[in-house]
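Trainee: Before I ask anything, let me first share the structure, which is written out below as structure tokens.
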Protein chains: 4
Amino acid sequence: MTRPYDLVIENGRLHTPSSSYQADIAILDGKIAGIGAHFPMAEKRIDAKGLDILPGLWHVHCHFREPGHTYKEDFASGSSAAAVGGVTMCIDMTNNTPHPTSLETFEEKKELVAPKAYVDYALYGGGLYPRTVEALAKAGALGIKIFNTRHIKEVYPYITELGVLDHGILYELYEATRDQGLVASVHHDDPEWCKRITFRDFIDKGRTDARSYHDSFAKGYMYGHGMVAGLAASLYYAKLAGVKLHVLHLGVMPEGANEMIHHAKFDLGQDVSAELELGTMFMTREQMEKVGPATYNWGYAPESGWKTIENGVADFIVLEHAPHTYDEVQPGWQDMFSIPLGMTGAQEFVPMMLNAVNEGRLTLNQVARLAAEAPARRFGIFPRKGVTQIGSDADFSIVDMTREVVFTKADMLSKAGHTSWEGMRAKGAATHTIVRGKVVAQDGKLVGDRGYGRFVPGTAARA
Amino acid sequence: MTRPYDLVIENGRLHTPSSSYQADIAILDGKIAGIGAHFPMAEKRIDAKGLDILPGLWHVHCHFREPGHTYKEDFASGSSAAAVGGVTMCIDMTNNTPHPTSLETFEEKKELVAPKAYVDYALYGGGLYPRTVEALAKAGALGIKIFNTRHIKEVYPYITELGVLDHGILYELYEATRDQGLVASVHHDDPEWCKRITFRDFIDKGRTDARSYHDSFAKGYMYGHGMVAGLAASLYYAKLAGVKLHVLHLGVMPEGANEMIHHAKFDLGQDVSAELELGTMFMTREQMEKVGPATYNWGYAPESGWKTIENGVADFIVLEHAPHTYDEVQPGWQDMFSIPLGMTGAQEFVPMMLNAVNEGRLTLNQVARLAAEAPARRFGIFPRKGVTQIGSDADFSIVDMTREVVFTKADMLSKAGHTSWEGMRAKGAATHTIVRGKVVAQDGKLVGDRGYGRFVPGTAARA
Amino acid sequence: MTRPYDLVIENGRLHTPSSSYQADIAILDGKIAGIGAHFPMAEKRIDAKGLDILPGLWHVHCHFREPGHTYKEDFASGSSAAAVGGVTMCIDMTNNTPHPTSLETFEEKKELVAPKAYVDYALYGGGLYPRTVEALAKAGALGIKIFNTRHIKEVYPYITELGVLDHGILYELYEATRDQGLVASVHHDDPEWCKRITFRDFIDKGRTDARSYHDSFAKGYMYGHGMVAGLAASLYYAKLAGVKLHVLHLGVMPEGANEMIHHAKFDLGQDVSAELELGTMFMTREQMEKVGPATYNWGYAPESGWKTIENGVADFIVLEHAPHTYDEVQPGWQDMFSIPLGMTGAQEFVPMMLNAVNEGRLTLNQVARLAAEAPARRFGIFPRKGVTQIGSDADFSIVDMTREVVFTKADMLSKAGHTSWEGMRAKGAATHTIVRGKVVAQDGKLVGDRGYGRFVPGTAARA
Amino acid sequence: MTRPYDLVIENGRLHTPSSSYQADIAILDGKIAGIGAHFPMAEKRIDAKGLDILPGLWHVHCHFREPGHTYKEDFASGSSAAAVGGVTMCIDMTNNTPHPTSLETFEEKKELVAPKAYVDYALYGGGLYPRTVEALAKAGALGIKIFNTRHIKEVYPYITELGVLDHGILYELYEATRDQGLVASVHHDDPEWCKRITFRDFIDKGRTDARSYHDSFAKGYMYGHGMVAGLAASLYYAKLAGVKLHVLHLGVMPEGANEMIHHAKFDLGQDVSAELELGTMFMTREQMEKVGPATYNWGYAPESGWKTIENGVADFIVLEHAPHTYDEVQPGWQDMFSIPLGMTGAQEFVPMMLNAVNEGRLTLNQVARLAAEAPARRFGIFPRKGVTQIGSDADFSIVDMTREVVFTKADMLSKAGHTSWEGMRAKGAATHTIVRGKVVAQDGKLVGDRGYGRFVPGTAARA
């Protein structure tokens with residue numbers, strides 16, 4: 001070879017879902033070109049001595065709010081926060097204005113975000129009209145995201161418009177998604193239940209402050225049992241339709257959901273996966289009381305979440321990123337049922353997860369599986385991404401397991417302007433976020449280029 | 001004892017859920033006063049030599065159409081058909097006009113039907129308003145019947161009005177029913193699914209004739225998979241609320257329903273029961289093709305029904321009685337989706353069931369359990385009814401297992417004026433229907449008195 | 001009727017597995033001839049006002065030690081103890097000398113015990129030789145009892161000789177028992193395991209005193225995990241052979257046994273039943289420490305036993321009666337592994353069980369099922385026994401739920417000369433034990449005749 | 001790097017358990033030193049264009065008969081057959097003379113086989129004496145192999161001596177194996193059952209010819225239901241002891257075994273794995289009839305085996321290699337119960353497995369998992385072996401999926417001198433077997449050196 005490699009990462013320790021080993025990595029043209037020791041010719045070298053190299057980590061639950069709500073976040077701010085946090089690949093959700101439920105709006109979104117992304121990204125197609133699923137798939141939707149929900153006070157117009165509550169439509173979306181070979185990713189719910197019970201026991205009684213909301217969350221009201229009932233019906237329809245179902249918000253749902261998924265997966269052999277929201281394990285009571293309306297979930301029963309990793313119910317892990325501005329959420333101290341709900345997570349995800357590794361709750365091998373290989377495989381992007389393998393995209397999250405970080409508003413790149421994790425500490429953080437061979441963030445600083453991030457189409461995209 | 005018994009039944013063979021034995025029965029004041037051999041002093045004697053004596057059989061799924069649709073059926077015609085068929089106790093449904101969903105309409109119905117019944121009866125309270133459940137219970141509702149459904153073309157105004165599709169309301173009905181200690185009996189559905197799929201694949205394609213409808217039934221459209229999805233959510237809510245759930249229309253639902261109930265009952269320990277619709281085992285393809293719109297279900301997969309008896313998923317058996325007039329259903333030959341659906345069963349139930357006994361598919365002991373003791377116990381009417389025991393109501397269905405009957409319109413007492421089973425033969429029929437010691441039908445003739453039948457209140461009735 | 005009844009029981013409250021009701025009972029020629037109110041002509045009357053009338057209770061696990069070890073117990077002493085306790089029917093076990101494993105020894109036992117029994121009884125055939133099972137069945141064995149065990153120090157020659165440890169023989173016994181339509185009742189074990197582990201951790205370390213033994217019991221050594229492993233294999237063979245399996249000593253086995261039976265019964269649909277040893281719920285730590293070697297089991301985890309009643313794993317309940325003399329067991333204070341193990345229960349069974357009813361742990365209806373109807377049905381003796389029904393044997397256990405008893409050696413009729421329950425109190429006791437219409441014990445006194453008890457043959461007996 | 005690589009494999013397609021990709025591989029000092037394109041400096045190059053490169057395949061069930069029965073096979077002949085077939089790593093069993101059950105005999109075996117192996121190998125320690133397990137583990141045993149069996153006619157003295165039938169000893173072996181962190185690999189059985197039933201229905205009736213034997217196999221006699229019953233008990237003990245259990249001979253056992261393992265693994269969460277014997281899917285009736293006593297199993301119900309791969313019950317796959325000489329097995333045509341049972345598989349394994357890939361029953365990715373990564377991981381040899389990763393042993397099975405082979409005695413390197421698969425064809429065969437960077441077999445010819453194969457110690461070996 002006469003041409004030098006573009007980048008060589010030296011002396012680091014690689015982690016796969018099944019093992020850990022020392023090896024240098026050579027990158028050429030954005031792909032992993034060589035693994036081994038050593039590669040003398042390189043344009044650039046990174047010395048990863050003492051560092052751990054993970055396959056580029058995915059954040060599978062991003063709301064980058066574009067188009068339509070770019071005052072909360074946009075693709076540049078959101079993806080830069082992810083990049084700085086250590087994420088190389090984001091999956092963006094669909095509750096935008098307009099929402100990407102048709103070929104036109106999906107293409108519009110693709111065009112809008114393309115010049116802004118700092119890391120690679122995929123876009124869910126908005127599942128609302130069965131007849132548009134094929135076009136969305138052909139246009140590159142990674143999967144079809146379905147909001148089988150509606151906010152009980154309609155405070156999210158952009159969710160309510162997307163709400164697929166009619167199970168006939170839901171089923172046809174499953175059929176159409178199956179025909180494209182894509183995964184249907186569903187936020188399950190039964191909002192009538194949630195609405196009625198929550199009004200009755202909380203809102204109508206004037207119990208609307210943040211603490212009341214968080215009580216209602218722990219009781220399985222907001223959100224909760226309705227989600228599980230929605231899941232129950234959805235599992236049946238998904239099996240009938242033969243679609244690959246991906247269950248969102250595991251952990252947020254009460255434990256009955258875990259039992260249902262276990263039964264479907266292991267006793268009935270259904271093709272179903274689930275992503276675990278780590279907030280329900282990491283958000284302590286203290287932090288929840290401190291940030292109040294700046295988080296919509298908290299860890300009132302964290303062990304049930306950990307158990308889903310152990311028993312195979314959880315396939316992915318994520319710390320949801322659904323930002324709203326500080327001003328939007330502050331009224332929630334008084335009436336949390338009337339504000340948009342969400343939390344930040346793009347930048348905090350990797351450190352919080354590494355902190356759990358340091359606490360012995362996870363291994364780096366599990367991280368490589370649950371936050372890289374598993375989503376890549378589930379969505380058919382494997383082995384292009386999700387794995388440290390020749391020919392795969394040279395995406396890496398290099399981390400220093402000894403680095404300590406404190407989350408503070410000042411450091412956050414999200415437009416939200418605040419963090420749900422304000423003041424919390426984590427041990428373990430990314431040193432380099434490398435996307436297709438290029439360092440896009442280093443030591444907490446954004447060093448990549450706006451627009452560098454590429455769109456990763458789903459498996460049904462037109463060639 | 002100086003006073004003679006009112007009635008003595010001699011020389012018959014009694015059947016309980018667990019055994020069969022020879023014994024005379026003495027009746028006094030409508031109650032079983034003595035069991036054994038023999039009772040010399042009696043006002044009246046029945047020689048049951050060669051006959052089989054079952055505890056009075058329940059028909060648990062009657063639509064006697066009163067008030068409001070008495071041109072189809074009324075309590076007199078319906079209960080006389082049941083009486084002649086061998087039934088001593090009927091449970092009447094709630095899709096009337098007005099429907100008995102409030103104290104006033106429930107009391108109105110009680111008053112209207114009281115002078116007409118030939119056999120004893122209980123009334124479901126109409127589950128529509130959580131706040132009226134207590135009053136219905138106190139007024140004597142046996143249980144709360146919930147129509148978690150709506151006809152896809154709205155051809156049943158009286159069902160649609162009763163449709164509880166909002167799961168928040170459904171859940172509150174469960175809570176209210178639990179508070180009264182009653183059973184919630186639910187026709188599960190997910191009518192949006194049914195509507196969309198059936199329109200798409202049948203109605204919109206002009207496939208509306210009777211054969212098309214019956215194809216749609218066999219495919220799980222009308223009714224079908226939507227019912228199972230409805231059940232999935234309902235099981236979860238019922239468990240959460242802690243209500244006793246009774247699942248209607250087992251057999252009508254595709255097999256997935258059976259698996260769900262088995263899982264809930266035996267793996268999760270839920271308090272759930274189910275009633276098996278025998279039409280789905282007895283209605284042959286030939287008969288279905290012959291009567292077309294005069295039946296809404298048929299036995300395209302009868303073994304799955306029999307299996308629910310064997311494995312404990314089915315608790316009761318019944319042949320649904322949901323009559324419409326001949327004129328109402330005849331347009332169904334052309335467009336069966338636009339007519340009211342139903343079938344007759346009050347008069348045919350016992351012979352069809354006994355025919356299955358003669359064919360070796362059931363035993364008389366199972367009949368005593370599935371059509372008498374089990375419903376009496378489930379609804380808390382045991383041991384007042386459902387059992388041949390001292391002090392219990394002297395209700396008996398005396399049957400001749402060798403008698404052959406052919407169902408013909410001419411013999412039917414239902415106002416419907418036709419039978420879904422026209423021309424079919426059954427071996428085994430009632431000789432005497434005895435309600436509280438009085439013979440109300442004998443050898444196919446009505447001999448009882450209109451208004452003799454008594455209202456049997458549920459367990460929460462005011463003393 | 002011109003002839004008066006032999007006995008009329010008046011004013012009592014009858015209890016069936018499913019209900020309770022007030023009725024007089026008339027008895028003629030040992031059979032229940034009438035149930036109801038009232039029967040004026042009677043040779044004898046019992047006023048049961050305030051008393052509860054149960055179908056004659058079965059003691060399904062008696063070791064009356066005849067022939068061969070009549071210094072511990074004989075059929076007269078054992079059955080009189082049972083009678084006084086409130087038991088009307090005993091099933092006797094087979095570890096005698098000679099053991100009833102052949103036609104000759106079984107007939108010999110039948111002859112020996114016939115003149116001595118105070119209550120009715122059935123005899124297990126000794127399952128040792130597959131080729132003799134047919135003869136035992138034809139001679140009236142109720143079922144085939146198999147000791148799939150051996151004492152680890154061989155201190156029971158009469159058990160060791162009966163030990164069927166070879167699974168080939170066990171399987172052939174299952175085949176032969178299936179061919180006769182009988183139930184195979186098995187004391188499961190894996191004595192090699194028990195022996196090795198118990199010697200290693202207790203006996204070889206000199207830990208042999210009573211407290212050590214009871215520690216070993218609580219740890220699942222003596223007896224314990226070996227029994228569960230034996231059960232695991234046996235369930236498979238029984239299913240393969242198609243034999244009705246009856247599992248003895250539920251409760252004595254660690255909880256894994258309960259899970260296995262639940263899985264076999266409810267998930268795999270196997271024809272298996274089990275009898276729960278109540279000692280493992282009733283024998284307190286205090287009592288165990290007081291009587292030491294006079295009991296071989298104790299209630300270190302009583303809730304797991306109660307759960308088997310609730311979830312349907314337990315079909316019968318019993319308080320095992322396996323007496324040894326006081327002198328035989330006293331050396332157990334020093335070395336409990338070298339003495340014959342057992343406990344008394346024939347006389348204590350009913351009061352202890354009624355005490356549990358008074359404590360709200362059981363109902364009289366459950367007692368009627370678990371200690372009368374269920375065993376009668378399982379062994380095919382129903383409805384001859386086990387039920388209060390016309391034509392059935394007039395067996396009754398009349399009890400006074402308010403009577404308090406204290407168990408003391410002086411009151412015990414067992415030849416053992418002591419009781420495992422010395423000093424314990426129970427509220428609830430039999431007032432009349434009635435076998436085929438004759439009072440055999442009343443108010444704690446034996447009033448029946450030696451030899452009155454009759455042999456009840458199993459279902460395969462020669463006509 | 002100034003030093004050239006020892007070997008570069010170019011242009012091939014690599015297969016991992018989760019993906020397939022094109023990459024060159026560079027090897028240095030027996031390790032994988034580089035993966036990628038391309039490596040200009042190399043002592044030797046292999047052009048793998050059009051070929052598929054699997055991680056070195058394991059044969060996990062070898063009987064190389066040394067010491068003691070080297071007339072059947074020895075480590076040189078056995079491992080050369082494996083090498084030529086495409087296997088890079090063998091696990092050898094323990095039924096030798098003397099058997100490696102003590103430190104002395106294990107070390108003796110290690111010394112004997114060391115100069116002979118053509119491929120790498122691990123040795124099971126012979127599980128017979130709980131007290132020697134620690135020494136075996138420290139001496140490098142990969143796991144502890146336990147023969148929980150005994151031939152029914154004792155024709156294998158070397159198995160019978162190893163038979164651990166006493167469950168007390170079995171349990172202590174589990175404890176000791178657990179203490180060393182090793183896997184207990186068990187050939188389960190209940191030989192008493194097998195012996196009794198097989199003698200009764202076959203041998204004692206003179207039905208001893210090969211066809212009768214194979215009938216007995218299909219009926220679950222030899223071997224069969226006894227193995228499942230043994231497994232039932234063993235699963236319980238293994239869970240109690242907390243040992244990692246590895247179940248041998250899946251597929252050979254009737255289907256009940258699969259259900260048991262599924263229940264243990266997925267419902268009870270037990271740490272259990274299983275290896276599927278492919279002979280039970282590949283050995284056709286025709287072939288079985290042709291070779292008669294030269295195979296002990298055959299595929300009478302192959303789908304049940306395939307299902308274990310699909311549902312996760314099977315963890316490894318293998319074609320057992322248990323050779324006997326032609327002269328030893330020929331008398332089996334007359335009396336197959338009196339000959340040593342076995343079959344050949346070392347050389348045939350890979351082609352037969354690849355043939356199944358060509359038939360669409362397996363993928364090369366599954367092969368990489370089931371025959372390389374999974375055993376390496378289960379025994380703790382991962383990532384040293386079982387994976388194509390930097391630093392791992394450079395073990396590769398390079399295969400040509402289009403090459404057709406016919407198995408004939410003349411080509412077989414086994415000392416057995418015959419093949420169970422004589423005359424069968426397979427499409428797919430190894431072109432290069434590479435062990436630690438050295439080609440040991442190429443295009444069906446042995447090119448490696450005797451003694452090159454290295455001993456791979458288990459995880460508890462002394463450093």
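We label chains A, B, ... in the order they appear in the structure tokens, count residues from 1 in each chain, and number ligands from 1 in the order shown.
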What's around Asp327 in chain A at 12 Å? Count only C-alpha atoms, leave out sequence neighbours fewer than 4 positions away in its own chain, and write the answer as a PDB file with N, CA and C atoms, in the first residue's frame.
Mentor:
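Listing of part.pdb after writing:
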```pdb
ATOM      1  N   TYR A  71     -36.862  26.009  18.196  1.00  0.00           N
ATOM      2  CA  TYR A  71     -36.481  26.812  19.374  1.00  0.00           C
ATOM      3  C   TYR A  71     -36.148  25.908  20.552  1.00  0.00           C
ATOM      4  N   LYS A  72     -36.592  24.681  20.500  1.00  0.00           N
ATOM      5  CA  LYS A  72     -36.250  23.724  21.565  1.00  0.00           C
ATOM      6  C   LYS A  72     -34.910  23.047  21.259  1.00  0.00           C
ATOM      7  N   PRO A 293     -40.228  19.423  36.888  1.00  0.00           N
ATOM      8  CA  PRO A 293     -40.810  19.248  35.565  1.00  0.00           C
ATOM      9  C   PRO A 293     -39.776  19.041  34.463  1.00  0.00           C
ATOM     10  N   ALA A 294     -38.509  19.052  34.804  1.00  0.00           N
ATOM     11  CA  ALA A 294     -37.501  18.856  33.778  1.00  0.00           C
ATOM     12  C   ALA A 294     -37.242  17.375  33.507  1.00  0.00           C
ATOM     13  N   PRO A 323     -36.126  17.180  24.462  1.00  0.00           N
ATOM     14  CA  PRO A 323     -35.920  18.464  25.141  1.00  0.00           C
ATOM     15  C   PRO A 323     -37.083  19.444  24.941  1.00  0.00           C
ATOM     16  N   PRO A 331     -43.449  26.131  34.267  1.00  0.00           N
ATOM     17  CA  PRO A 331     -44.820  26.138  34.811  1.00  0.00           C
ATOM     18  C   PRO A 331     -45.239  24.778  35.367  1.00  0.00           C
ATOM     19  N   GLY A 332     -44.473  23.763  35.017  1.00  0.00           N
ATOM     20  CA  GLY A 332     -44.782  22.425  35.515  1.00  0.00           C
ATOM     21  C   GLY A 332     -44.646  22.295  37.017  1.00  0.00           C
ATOM     22  N   TRP A 333     -43.884  23.158  37.647  1.00  0.00           N
ATOM     23  CA  TRP A 333     -43.826  23.100  39.121  1.00  0.00           C
ATOM     24  C   TRP A 333     -45.237  23.247  39.689  1.00  0.00           C
ATOM     25  N   ILE A 339     -47.850  20.927  30.742  1.00  0.00           N
ATOM     26  CA  ILE A 339     -46.636  21.308  30.018  1.00  0.00           C
ATOM     27  C   ILE A 339     -46.202  20.139  29.126  1.00  0.00           C
ATOM     28  N   PRO A 340     -45.380  20.447  28.151  1.00  0.00           N
ATOM     29  CA  PRO A 340     -44.828  19.350  27.360  1.00  0.00           C
ATOM     30  C   PRO A 340     -43.847  18.564  28.230  1.00  0.00           C
ATOM     31  N   LYS A 415     -30.233  23.086  22.771  1.00  0.00           N
ATOM     32  CA  LYS A 415     -30.902  24.374  22.834  1.00  0.00           C
ATOM     33  C   LYS A 415     -31.810  24.500  24.035  1.00  0.00           C
ATOM     34  N   ALA A 416     -32.157  23.353  24.615  1.00  0.00           N
ATOM     35  CA  ALA A 416     -33.082  23.375  25.748  1.00  0.00           C
ATOM     36  C   ALA A 416     -32.583  24.316  26.840  1.00  0.00           C
ATOM     37  N   GLY A 417     -31.277  24.395  26.934  1.00  0.00           N
ATOM     38  CA  GLY A 417     -30.713  25.352  27.868  1.00  0.00           C
ATOM     39  C   GLY A 417     -30.722  24.897  29.306  1.00  0.00           C
ATOM     40  N   HIS A 418     -31.005  23.655  29.508  1.00  0.00           N
ATOM     41  CA  HIS A 418     -30.943  23.101  30.869  1.00  0.00           C
ATOM     42  C   HIS A 418     -30.775  21.598  30.726  1.00  0.00           C
TER      43      HIS A 418
END
```
Trainee: Can you check which parts of chain D lie within 7 Å of chain A? Per residue, the shortest pair of atoms and distance in Å to one decimal, counting only C-alpha atoms, sorted by chain and number, as JSON lines.
Mentor:
```
{"residue": "D:Met1", "atom": "CA", "partner": "A:Pro40", "partner_atom": "CA", "distance": 6.9}
{"residue": "D:Ser19", "atom": "CA", "partner": "A:Pro383", "partner_atom": "CA", "distance": 6.4}
{"residue": "D:Ala23", "atom": "CA", "partner": "A:Ile390", "partner_atom": "CA", "distance": 6.4}
{"residue": "D:Ala33", "atom": "CA", "partner": "A:Gly36", "partner_atom": "CA", "distance": 5.1}
{"residue": "D:Gly34", "atom": "CA", "partner": "A:Gly36", "partner_atom": "CA", "distance": 4.1}
{"residue": "D:Ile35", "atom": "CA", "partner": "A:Ile35", "partner_atom": "CA", "distance": 5.0}
{"residue": "D:Gly36", "atom": "CA", "partner": "A:Gly34", "partner_atom": "CA", "distance": 4.2}
{"residue": "D:Ala37", "atom": "CA", "partner": "A:Ala33", "partner_atom": "CA", "distance": 6.2}
{"residue": "D:Pro40", "atom": "CA", "partner": "A:Met1", "partner_atom": "CA", "distance": 6.9}
{"residue": "D:Phe266", "atom": "CA", "partner": "A:Phe266", "partner_atom": "CA", "distance": 6.8}
{"residue": "D:Pro383", "atom": "CA", "partner": "A:Ser19", "partner_atom": "CA", "distance": 6.4}
{"residue": "D:Ile390", "atom": "CA", "partner": "A:Gly36", "partner_atom": "CA", "distance": 5.6}
```
Trainee: With all heavy atoms retained, could you export that selection as a tab-separated table (two decimals), in the first residue's frame?
Mentor:
```
chain	number	residue	atom	x	y	z
D	1	MET	N	6.41	-1.58	10.48
D	1	MET	CA	6.79	-2.98	10.77
D	1	MET	C	7.81	-3.46	9.76
D	1	MET	O	7.62	-3.40	8.57
D	1	MET	CB	5.56	-3.89	10.70
D	1	MET	CG	5.85	-5.28	11.20
D	1	MET	SD	4.38	-6.32	11.04
D	1	MET	CE	4.29	-6.53	9.29
D	19	SER	N	-22.22	-11.63	11.03
D	19	SER	CA	-22.12	-11.01	9.71
D	19	SER	C	-21.07	-11.67	8.85
D	19	SER	O	-20.35	-12.56	9.30
D	19	SER	CB	-21.82	-9.52	9.85
D	19	SER	OG	-20.52	-9.34	10.35
D	23	ALA	N	-12.32	-9.49	3.73
D	23	ALA	CA	-11.13	-8.88	4.35
D	23	ALA	C	-9.95	-9.84	4.27
D	23	ALA	O	-10.11	-11.05	4.34
D	23	ALA	CB	-11.38	-8.52	5.82
D	33	ALA	N	-2.93	-10.99	13.55
D	33	ALA	CA	-2.21	-9.74	13.81
D	33	ALA	C	-2.84	-8.58	13.06
D	33	ALA	O	-2.66	-7.43	13.43
D	33	ALA	CB	-0.75	-9.90	13.40
D	34	GLY	N	-3.54	-8.90	12.01
D	34	GLY	CA	-4.15	-7.82	11.25
D	34	GLY	C	-5.34	-8.33	10.47
D	34	GLY	O	-5.35	-9.48	10.01
D	35	ILE	N	-6.34	-7.49	10.42
D	35	ILE	CA	-7.49	-7.82	9.59
D	35	ILE	C	-7.74	-6.58	8.74
D	35	ILE	O	-7.78	-5.47	9.27
D	35	ILE	CB	-8.74	-8.12	10.45
D	35	ILE	CG1	-8.42	-9.22	11.46
D	35	ILE	CG2	-9.92	-8.51	9.57
D	35	ILE	CD1	-9.55	-9.50	12.43
D	36	GLY	N	-7.88	-6.79	7.44
D	36	GLY	CA	-8.14	-5.64	6.59
D	36	GLY	C	-7.48	-5.84	5.24
D	36	GLY	O	-7.03	-6.95	4.94
D	37	ALA	N	-7.48	-4.80	4.47
D	37	ALA	CA	-6.87	-4.89	3.15
D	37	ALA	C	-5.82	-3.80	3.03
D	37	ALA	O	-6.13	-2.64	3.31
D	37	ALA	CB	-7.93	-4.71	2.08
D	40	PRO	N	1.11	-6.13	2.47
D	40	PRO	CA	2.03	-6.42	1.37
D	40	PRO	C	3.13	-7.42	1.72
D	40	PRO	O	3.52	-8.22	0.88
D	40	PRO	CB	2.62	-5.05	1.02
D	40	PRO	CG	2.41	-4.20	2.22
D	40	PRO	CD	1.23	-4.74	2.94
D	266	PHE	N	-35.38	-20.95	29.91
D	266	PHE	CA	-36.13	-19.72	29.68
D	266	PHE	C	-37.14	-19.42	30.78
D	266	PHE	O	-37.37	-18.26	31.08
D	266	PHE	CB	-36.79	-19.77	28.30
D	266	PHE	CG	-35.78	-19.85	27.19
D	266	PHE	CD1	-35.64	-20.99	26.42
D	266	PHE	CD2	-34.94	-18.78	26.93
D	266	PHE	CE1	-34.69	-21.07	25.40
D	266	PHE	CE2	-33.99	-18.84	25.93
D	266	PHE	CZ	-33.85	-19.99	25.16
D	383	PRO	N	-11.80	-14.96	24.19
D	383	PRO	CA	-11.60	-14.87	22.74
D	383	PRO	C	-10.27	-15.46	22.26
D	383	PRO	O	-9.85	-15.16	21.16
D	383	PRO	CB	-11.64	-13.37	22.50
D	383	PRO	CG	-11.00	-12.80	23.72
D	383	PRO	CD	-11.38	-13.71	24.85
D	390	ILE	N	-8.23	-9.70	16.53
D	390	ILE	CA	-6.80	-9.45	16.77
D	390	ILE	C	-6.37	-10.08	18.09
D	390	ILE	O	-7.04	-9.92	19.12
D	390	ILE	CB	-6.52	-7.93	16.83
D	390	ILE	CG1	-6.92	-7.26	15.54
D	390	ILE	CG2	-5.04	-7.66	17.16
D	390	ILE	CD1	-6.28	-7.81	14.30
```
Trainee: Kindly indicate which residue among C:Gly423, C:Pro4, C:Gly220, C:Gly305 lies nearest to Met281 in chain C, using only C-alpha atoms for the distances.
Mentor: C:Gly305
Trainee: Residues within 6 Å of range 55-64 of chain D, please, as a PyMOL selection string. Count only C-alpha atoms; anything in the same chain fewer than 6 positions from it doesn't count.
Mentor: chain D and resi 73-75+78+87-93+320-322+371-372+386-388+395-397
Trainee: Hey, what does DSSP flag as strand (DSSP E) within range 305-427 of chain D? Can you give it to me as a list in words?
Mentor: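 Residues meeting the strand (DSSP E) criterion: Phe316, Ile317, Val318, Phe396, Ser397, Ile398, Val399, Asp400, Met401, Thr402, Arg403, Glu404, Val405, Val406, Arg425, Ala426 and Lys427 of chain D.
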Trainee: Between A:Ile152, A:Ala410, A:Val435, A:Ile203, single out the one closest to Tyr121 in chain A, counting only C-alpha atoms.
Mentor: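 With only C-alpha atoms as the atom set, the closest residue is A:Val435.
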Trainee: Set the distance at 10 Å and use only C-alpha atoms: which residues neighbour range 154-156 of chain D once local chain neighbours fewer than 5 positions away are removed? I'd like the list as a list in words.
Mentor: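 Result of the neighbour search: Asn95, Glu161, Leu162, Phe337, Ser338, Ile339, Pro340 and Leu341 of chain D.
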Trainee: For range 207-210 of chain C, list every protein, DNA or RNA residue within 12 Å, evaluated using only C-alpha atoms, and leave out those in the same chain fewer than 3 positions away; present the list as a PyMOL selection string.
Mentor: chain C and resi 198-204+213-217+222+288-297+329-339+341
Trainee: Please compute the CA of Lys49 in chain C-CA of Gly12 in chain C distance, one decimal, in Å.
Mentor: 5.1 Å
Trainee: Need to verify the contact set: Glu111 in chain C, 12 Å, only C-alpha atoms, exclusion of same-chain residues closer than 4 positions in sequence. Can you return it as JSON, numbers by chain?
Mentor: {"C": [66, 67, 75, 100, 104, 105, 106, 107, 115, 116, 117, 123, 139, 451, 454, 455]}
